Amino acid sequence: MEPLLSLDHVAVAYGQTPVLGDATLSVVRGEVVALRGPNGSGKSTLLRVLATLLRPASGSGVVFGERLGTREVESVRHRIGLIAHQPALYAELTLEENLALVADLAAVVHTSPAAALEAVGLAGAAHRRAGDSSQGMLRRADLARLLITEPDLLLLDEPHSGLDVDALGLVDALVRRCLERGGAAVVVSHLTDLGVDERTVSIVGGKLVA
Amino acid sequence: MRFWRTALRIAMRDLRIEGRSGEVLLTTIPFGLAALFLIPLALPLDRQLIATVGPGMFWIVTLLFGMFVTFRQSAVESPAQRETLRLLGVDPAARFTGRVITSALLLVVFEAVLAPATVVLYAPEPIDGWPLLAALGIALIGTMAVDVTAGLRGRTSLAPLLVAPLSVPLLMPAASAAAAIRRGDGIVVPALLMGFAVLALAILGVMTAHSLEEASG
């Protein structure tokens, strides 16, 4: 099966500091990769490379058939959904306004902001400002953002962080929904069991170990 | 069409955020007024002199504090928010334009408060300038300076340093116009020069928006 994304000996450095040493990875459709490793091992950097947001210093990679570091790869970005450490919400806007902004700017919208908020259990907090919301609510709203755009590739960096026990299943549901559409997911998580049939890849000292 | 829809949506976002926080204008306007108030106290008690320097003081305060308005305004996006916009496929040029629109509108408000204060404090010769054009020019320069330095470690120091060379094509015709007004001459030539500078800055900003956004990643 043709991989949905692949990296071939990719290295990344921030200035003079090498962060990712030699990353080789391939992910096919319908697959979930659980990325594990100690703090500072380069997990978040790897996700940003896969999201096409960070250009590799060396090595090569392909995402949805487009080579990393080229202008063409920007055309597939709307198919990628990234949840980073920090929620991508504007503190002065309400949760619903934040999602409405995403819906207005996105190329394709699958779910309305109101429906997405309801799906993550935030219907009652739609008019609450993001700056007045708890970490768990912000995380739920970030997940709702991905329900609106329904990307084919999920890149989730500690998506369970801040979520209460009742909400942990939201991440599983999001991943399953993506897999049903023929997508794939790369998840950084300290949870030992993601609730899906995942392949674990460890990252140690900037290198990937299957 | 999509370009302008995106630009206006970005502008609406920023105006809504500023409307709720008041962070930019409510901080900057009082300092701008304080600067205008303090400058005459540092000059000899000469009404003619104060009236002569009035327009210059107005423009200097507008430029310096206006740049601060633009810096603060353009910095409302966190790295995570910028990355989300990139993944949504938002056109960097449209995003740049939207931010410039917001900054220019805020600067017009800033100027609208400062202009009457200048008249009261300095009783100057008419400030027959082009507040709208200047606001647009300052908004362009500030937004470009923020974009050029985005992702750099020393961006908070570098952005103001960049402003000086970028402001030259805006300030020179402004100064020429002020002198022309004093002499009673026409201001067509300086106005055209200023318009050309704003147009050139706008083209430069839109053309480089994509490269700067990708480079800041």
# chains A, B, ... in the order shown; residues from 1 in each chain; ligands from 1
call {"tool": "interface_residues", "arguments": {"of": "chain B", "to": "chain A", "cutoff": "12 Å", "atoms": "only C-alpha atoms", "output": "ChimeraX atom specification"}}
result
/B:2-23,76-92,94-95,151-153,210-211,213-217
call {"tool": "residues_around", "arguments": {"residues": "Asp147 in chain B", "least_positions_apart": "4", "cutoff": "9 Å", "atoms": "only C-alpha atoms", "output": "list in words"}}
result
Ser74, Phe96, Gly142, Thr143, Gly151, Ala159, Ala209, Leu212, Glu213 and Ser216 of chain B
call {"tool": "closest_residue", "arguments": {"among": "A:Asp132, A:Glu2, A:Glu72, A:Glu31", "to": "Leu154 in chain A", "atoms": "only C-alpha atoms"}}
result
A:Glu31
call {"tool": "closest_residue", "arguments": {"among": "A:Ala185, A:Val12, A:Leu163, A:Leu25", "to": "Thr45 in chain A", "atoms": "only C-alpha atoms"}}
result
A:Val12
call {"tool": "select_by_dssp", "arguments": {"residues": "range 68-147 of chain B", "states": "helix (DSSP H, G or I)", "output": "JSON, numbers by chain"}}
result
{"B": [68, 69, 70, 71, 72, 73, 74, 79, 80, 81, 82, 83, 84, 85, 86, 87, 92, 93, 94, 95, 96, 97, 98, 99, 100, 101, 102, 103, 104, 105, 106, 107, 108, 109, 110, 111, 112, 113, 114, 115, 116, 117, 118, 119, 120, 121, 122, 131, 132, 133, 134, 135, 136, 137, 138, 139, 140, 141, 142, 143, 144, 145, 146, 147]}
call {"tool": "atom_distance", "arguments": {"atom1": "CA of Thr28 in chain B", "atom2": "CA of Ala51 in chain B"}}
result
24.1 Å
call {"tool": "select_by_dssp", "arguments": {"residues": "range 78-185 of chain A", "states": "strand (DSSP E or B)", "output": "ChimeraX atom specification"}}
result
/A:80-83,94,129,153-157,184-185
call {"tool": "residues_around", "arguments": {"residues": "Val209 in chain A", "least_positions_apart": "2", "cutoff": "10 Å", "atoms": "only C-alpha atoms", "output": "compact mmCIF listing (two decimals) with N, CA and C atoms, in the first residue's frame"}}
result
# COMPACT_ATOMS: atom_id res chain seq x y z
N ALA A 23 15.37 10.69 11.21
CA ALA A 23 14.01 10.16 11.32
C ALA A 23 13.57 9.52 10.01
N THR A 24 13.29 8.25 10.09
CA THR A 24 12.75 7.53 8.93
C THR A 24 11.44 6.89 9.38
N LEU A 25 10.38 7.20 8.69
CA LEU A 25 9.05 6.76 9.12
C LEU A 25 8.13 6.66 7.92
N LEU A 35 3.56 7.78 19.04
CA LEU A 35 4.94 8.25 19.13
C LEU A 35 5.28 8.47 20.60
N ARG A 36 6.29 7.78 21.06
CA ARG A 36 6.65 7.89 22.48
C ARG A 36 8.12 8.28 22.62
N GLY A 37 8.41 8.89 23.73
CA GLY A 37 9.79 9.29 23.99
C GLY A 37 9.86 10.27 25.13
N THR A 200 3.50 1.34 17.77
CA THR A 200 4.30 2.22 18.61
C THR A 200 5.68 2.45 18.00
N VAL A 201 6.05 3.71 17.97
CA VAL A 201 7.39 4.09 17.52
C VAL A 201 8.00 4.96 18.62
N SER A 202 9.20 4.61 19.02
CA SER A 202 9.86 5.39 20.06
C SER A 202 10.87 6.35 19.44
N ILE A 203 11.02 7.46 20.08
CA ILE A 203 11.99 8.45 19.60
C ILE A 203 12.97 8.71 20.75
N VAL A 204 14.21 8.39 20.47
CA VAL A 204 15.25 8.51 21.50
C VAL A 204 16.42 9.29 20.92
N GLY A 206 16.45 11.92 19.27
CA GLY A 206 16.18 12.43 17.92
C GLY A 206 16.12 11.35 16.86
N LYS A 207 16.24 10.07 17.26
CA LYS A 207 16.17 8.99 16.28
C LYS A 207 14.95 8.11 16.55
